[in-house]
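Reading through the C-alpha cells given below for one structure.
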Amino acid sequence: MIQTAPLDLRDPATFPSRRVETWKYSDLRKFLREAPPPSPSAPVPLWGGGPFEALGGEAMVFVNGRPVGADTRMVCGDQTLRLRLISKATGTGHSVSARVSARAGARVLLLETHEGEGSAYVAHNRLDIDIAHDAEVTRVVLVDEPEDALSVTQARVKVEPGARYRQTIIATGAKLQRFETEVAHHARSADVRLDGLYALSGDRHADLTSVVTHMAADGQTSQLTKGVVRDTARGVFQGKIVVERGADGTDARMAHNALILSERGEVDAKPELIIYADDVQCAHGNTVGTLDESALFYMQQRGLSADEARALLTRAFLMEVVDRIKHEGAREEVRAWLTARS
C-alpha cells in the first residue's frame with residue numbers, strides 16, 4: 001500500500017506530511033493545513049470536448065468533483081472512454097471518485113485529461129480500474145493545471161490473470177501535483193506497463209509514485225519514466241515493485257531518467273525492488289544529469305542555435321516515453337500536445 005490512511009479533503013488529520021515516508025518529497029501538509037471550502041457546482045464547458053475529442057468515444061465528465069452522468073463504466077468489447085476531470089474553481093476543493101471495469105476480452109482505450117480552468121484549487125481524484133481475464137486497458141493521461149493548484153490523483157488497478165494494462169502519464173506540474181498508481185498484479189501471463197514523463201518549469205512540482213505487487217507466478221512489468229526540470233521546479237519519482245512469495249517467473253524492470261536544465265532545479269528519485277520469490281528476473285535503474293555537451297556542440301556545428309539544439313535534444317529525450325504508446329491516434333495527440341508546451 002502507498003499509504004495507510006485515505007486522503008479526505010474534509011479531514012485535515014488525513015493530510016500527509018513529509019513525516020510519512022511515501023510523502024517525504026511531496027509535503028501536502030506544508031501547503032494544506034485546513035480543509036478547503038467545497039467547490040461550487042459549475043457548468044460543463046460548452047466549447048470543445050477536451051484534448052482527445054478528435055478520437056471520439058464516450059465521455060465521462062466531472063466538473064468540480066461532480067459527475068455529469070454516471071461515474072462508473074462496465075465495458076465489453078472495444079471502446080474508447082474520455083475521462084475529463086475539469087476544475088473550474090478558485091480557492092476551493094473537490095474530490096472525484098470513478099470506476100472503470102473491463103470485462104473479459106474487452107479492449108479499452110481510457111483517455112484521461114485533467115483540465116484546470118481555475119486557480120489555487122485543491123483536487124483529489126480517486127480512480128479504480130478493474131481488468132478481467134484477457135482484457136486490456138490502455139490509460140493515457142494528459143495534465144494541464146495552473147501553477148498554484150494542489151492536486152492528488154490515486155489510481156488502484158486490479159489486473160487479473162492474462163490481462164494487460166498500459167499506462168502513460170504526461171505531467172506538467174502544479175504547486176504540488178502527485179499521481180499515485182497502485183497495481184495488484186495477479187500474474188499468470190498478465191502484463192503491465194507503467195510509463196510516465198514530467199516536463200516542469202517555474203516553481204512547479206510533479207510526483208509520480210507507483211507500487212506494483214506481483215501476487216502470482218509468471219507476470220511481467222515494464223516501467224519507464226523520464227523527466228525534465230527547469231528553473232526551480234522539482235520532479236519526484238518513487239517506484240516500487242514487490243514480488244511476493246510464490247510469484248516465481250516474474251519479469252519486472254524499472255527505469256527512471258531525468259535531466260536538470262538549471263542550477264536550482266531538483267529531482268528526487270527512489271526506485272525499489274522487494275523480492276520474496278525465487279527464479280525471477282528483476283532490475284531497476286536511475287540516472288539524473290544534464291544534456292550531453294558533445295551532442296549540443298555537434299548540432300550547433302550543423303547550423304542550429306544553442307537554444308534550438310537544447311530544445312531538440314530535450315524533446316527527443318522525452319519522446320521515447322510517448323513512442324511507447326501503441327495506439328497511433330493517442331500517440332500523435334500526445335506528441336502534438338507535448339510539443340506545443342515544450
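Each chain in the C-alpha cells gets a letter, A, B, ..., in the order shown, and its residues are numbered from 1; ligands are numbered from 1 in order too.
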List as a PyMOL selection string the protein and nucleic acid residues near Ser39 in chain A, meaning an atom at most 10 Å away when only C-alpha atoms are counted, but skip any in the same chain fewer than 5 places from it. chain A and resi 63-66+87-95+121-123
Please produce a file of the residues just selected, as a PDB file, in the first residue's frame, where the atoms kept are C-alpha atoms.
```pdb
ATOM      1  CA  VAL A  63     -16.749  19.234 -13.086  1.00  0.00           C
ATOM      2  CA  ASN A  64     -15.540  20.330  -9.648  1.00  0.00           C
ATOM      3  CA  GLY A  65     -15.911  16.758  -8.452  1.00  0.00           C
ATOM      4  CA  ARG A  66     -19.489  16.305  -9.642  1.00  0.00           C
ATOM      5  CA  SER A  87     -11.609  22.060 -12.239  1.00  0.00           C
ATOM      6  CA  LYS A  88     -13.450  25.373 -12.546  1.00  0.00           C
ATOM      7  CA  ALA A  89     -12.723  26.564  -9.015  1.00  0.00           C
ATOM      8  CA  THR A  90     -10.794  29.251  -7.186  1.00  0.00           C
ATOM      9  CA  GLY A  91      -9.519  28.686  -3.653  1.00  0.00           C
ATOM     10  CA  THR A  92     -11.820  25.711  -3.026  1.00  0.00           C
ATOM     11  CA  GLY A  93     -11.515  21.917  -3.001  1.00  0.00           C
ATOM     12  CA  HIS A  94     -13.278  18.970  -4.609  1.00  0.00           C
ATOM     13  CA  SER A  95     -12.980  15.192  -4.919  1.00  0.00           C
ATOM     14  CA  TYR A 121      -7.895  24.943  -6.032  1.00  0.00           C
ATOM     15  CA  VAL A 122      -7.383  21.565  -4.352  1.00  0.00           C
ATOM     16  CA  ALA A 123      -8.368  18.473  -6.364  1.00  0.00           C
TER      17      ALA A 123
END
```
Using only C-alpha atoms, which residues sit within 12 Å of Gly196 in chain A once same-chain residues fewer than 2 positions away are excluded, as a PyMOL selection string? chain A and resi 139-143+166-172+179-181+193-194+198-199+206-210+222-228+235-239+254-258+318-325+334
Would you write out those residues with C-alpha atoms, as a PDB file, in the first residue's frame?
```
ATOM      1  CA  ARG A 139      -4.706   4.569 -19.994  1.00  0.00           C
ATOM      2  CA  VAL A 140      -3.210   7.792 -21.369  1.00  0.00           C
ATOM      3  CA  VAL A 141      -3.212  10.841 -19.081  1.00  0.00           C
ATOM      4  CA  LEU A 142      -2.644  14.497 -20.005  1.00  0.00           C
ATOM      5  CA  VAL A 143      -2.397  17.031 -17.191  1.00  0.00           C
ATOM      6  CA  ARG A 166      -0.751   0.015 -20.355  1.00  0.00           C
ATOM      7  CA  GLN A 167      -0.371   3.421 -18.704  1.00  0.00           C
ATOM      8  CA  THR A 168       1.299   6.663 -19.795  1.00  0.00           C
ATOM      9  CA  ILE A 169       1.119   9.819 -17.669  1.00  0.00           C
ATOM     10  CA  ILE A 170       2.197  13.212 -19.030  1.00  0.00           C
ATOM     11  CA  ALA A 171       2.579  15.606 -16.092  1.00  0.00           C
ATOM     12  CA  THR A 172       3.343  19.316 -16.291  1.00  0.00           C
ATOM     13  CA  PHE A 179      -0.009  10.796  -9.345  1.00  0.00           C
ATOM     14  CA  GLU A 180      -0.191   7.517  -7.482  1.00  0.00           C
ATOM     15  CA  THR A 181      -0.665   4.170  -9.200  1.00  0.00           C
ATOM     16  CA  ARG A 193       3.494  -1.355 -18.431  1.00  0.00           C
ATOM     17  CA  LEU A 194       3.711   1.863 -16.400  1.00  0.00           C
ATOM     18  CA  TYR A 198       7.207  15.102 -16.303  1.00  0.00           C
ATOM     19  CA  ALA A 199       8.170  18.345 -18.018  1.00  0.00           C
ATOM     20  CA  ALA A 206       5.247  16.832 -10.003  1.00  0.00           C
ATOM     21  CA  ASP A 207       5.395  13.472  -8.217  1.00  0.00           C
ATOM     22  CA  LEU A 208       4.942  10.126  -9.990  1.00  0.00           C
ATOM     23  CA  THR A 209       4.627   7.387  -7.369  1.00  0.00           C
ATOM     24  CA  SER A 210       3.760   3.750  -8.015  1.00  0.00           C
ATOM     25  CA  SER A 222       7.915  -2.812 -17.550  1.00  0.00           C
ATOM     26  CA  GLN A 223       8.264   0.757 -16.305  1.00  0.00           C
ATOM     27  CA  LEU A 224       9.923   3.765 -17.952  1.00  0.00           C
ATOM     28  CA  THR A 225       9.759   7.281 -16.502  1.00  0.00           C
ATOM     29  CA  LYS A 226      11.556  10.335 -17.833  1.00  0.00           C
ATOM     30  CA  GLY A 227      11.652  13.899 -16.606  1.00  0.00           C
ATOM     31  CA  VAL A 228      12.955  17.348 -17.479  1.00  0.00           C
ATOM     32  CA  GLY A 235      10.413  16.343 -10.035  1.00  0.00           C
ATOM     33  CA  VAL A 236       9.799  13.267  -7.886  1.00  0.00           C
ATOM     34  CA  PHE A 237       9.826   9.620  -8.925  1.00  0.00           C
ATOM     35  CA  GLN A 238       9.036   6.827  -6.481  1.00  0.00           C
ATOM     36  CA  GLY A 239       8.643   3.378  -7.987  1.00  0.00           C
ATOM     37  CA  MET A 254      12.046  -0.281 -13.985  1.00  0.00           C
ATOM     38  CA  ALA A 255      13.981   2.742 -15.265  1.00  0.00           C
ATOM     39  CA  HIS A 256      13.924   6.426 -14.382  1.00  0.00           C
ATOM     40  CA  ASN A 257      15.977   9.022 -16.282  1.00  0.00           C
ATOM     41  CA  ALA A 258      15.893  12.768 -15.691  1.00  0.00           C
ATOM     42  CA  LEU A 318      11.051  12.779 -23.606  1.00  0.00           C
ATOM     43  CA  MET A 319       9.541  11.355 -26.785  1.00  0.00           C
ATOM     44  CA  GLU A 320      10.926   7.905 -26.009  1.00  0.00           C
ATOM     45  CA  VAL A 321       8.097   7.596 -23.490  1.00  0.00           C
ATOM     46  CA  VAL A 322       5.486   8.892 -25.950  1.00  0.00           C
ATOM     47  CA  ASP A 323       6.672   6.487 -28.659  1.00  0.00           C
ATOM     48  CA  ARG A 324       5.770   3.537 -26.410  1.00  0.00           C
ATOM     49  CA  ILE A 325       2.053   4.369 -26.726  1.00  0.00           C
ATOM     50  CA  VAL A 334       0.098  13.344 -27.057  1.00  0.00           C
TER      51      VAL A 334
END
```
Of the candidates A:Ala35, A:Ala98, A:Ser294, A:Ala13, which shows the shortest atom-to-atom distance to Leu313 in chain A, using only C-alpha atoms? A:Ser294
For Asp78 in chain A, work out the shell of residues within 8 Å, counting only C-alpha atoms and skipping chain neighbours fewer than 2 positions away, then give it as a ChimeraX atom specification. /A:75-76,80,106-108
Which parts of range 81-305 of chain A does DSSP call helix (DSSP H, G or I) when run on the backbone here, written out as a short mmCIF file (atom, residue, chain, number, x, y, z; two decimals) with N, CA and C atoms, in the first residue's frame?
```
data_model
loop_
_atom_site.label_atom_id
_atom_site.label_comp_id
_atom_site.auth_asym_id
_atom_site.auth_seq_id
_atom_site.Cartn_x
_atom_site.Cartn_y
_atom_site.Cartn_z
N GLU A 293 26.96 17.66 -23.62
CA GLU A 293 27.60 18.83 -24.23
C GLU A 293 28.15 18.53 -25.62
N SER A 294 28.64 17.32 -25.81
CA SER A 294 29.18 16.96 -27.13
C SER A 294 28.08 16.92 -28.18
N ALA A 295 26.88 16.44 -27.78
CA ALA A 295 25.75 16.43 -28.71
C ALA A 295 25.30 17.85 -29.04
N LEU A 296 25.30 18.73 -28.03
CA LEU A 296 24.96 20.13 -28.27
C LEU A 296 25.95 20.77 -29.23
N PHE A 297 27.23 20.52 -29.02
CA PHE A 297 28.26 21.07 -29.89
C PHE A 297 28.10 20.57 -31.32
N TYR A 298 27.84 19.27 -31.47
CA TYR A 298 27.67 18.65 -32.79
C TYR A 298 26.53 19.32 -33.55
N MET A 299 25.39 19.55 -32.86
CA MET A 299 24.23 20.13 -33.53
C MET A 299 24.45 21.60 -33.88
N GLN A 300 25.18 22.32 -33.01
CA GLN A 300 25.46 23.72 -33.32
C GLN A 300 26.43 23.85 -34.49
N GLN A 301 27.31 22.87 -34.64
CA GLN A 301 28.22 22.86 -35.77
C GLN A 301 27.48 22.69 -37.09
#
```
Please compute the CA of Lys270 in chain A-CA of Leu200 in chain A distance, one decimal, in Å. 18.6 Å
Report the residues of range 237-299 of chain A whose backbone DSSP state falls under strand (DSSP E or B), written as a PyMOL selection string. chain A and resi 237-243+251-260+266-275+281-289
Looking at only C-alpha atoms, which of A:Glu244, A:Asp128, A:Glu333, A:Glu136 is the one that sits closest to Leu111 in chain A?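 Of A:Glu244, A:Asp128, A:Glu333, A:Glu136, the one nearest Leu111 in chain A, counting only C-alpha atoms, is A:Glu333.
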Residues within 9 Å of Arg234 in chain A, only C-alpha atoms, excluding chain neighbours under 4 positions, as JSON, numbers by chain: {"A": [173, 200, 201, 203, 204, 205, 206, 207, 229, 230, 265, 266, 267, 268]}
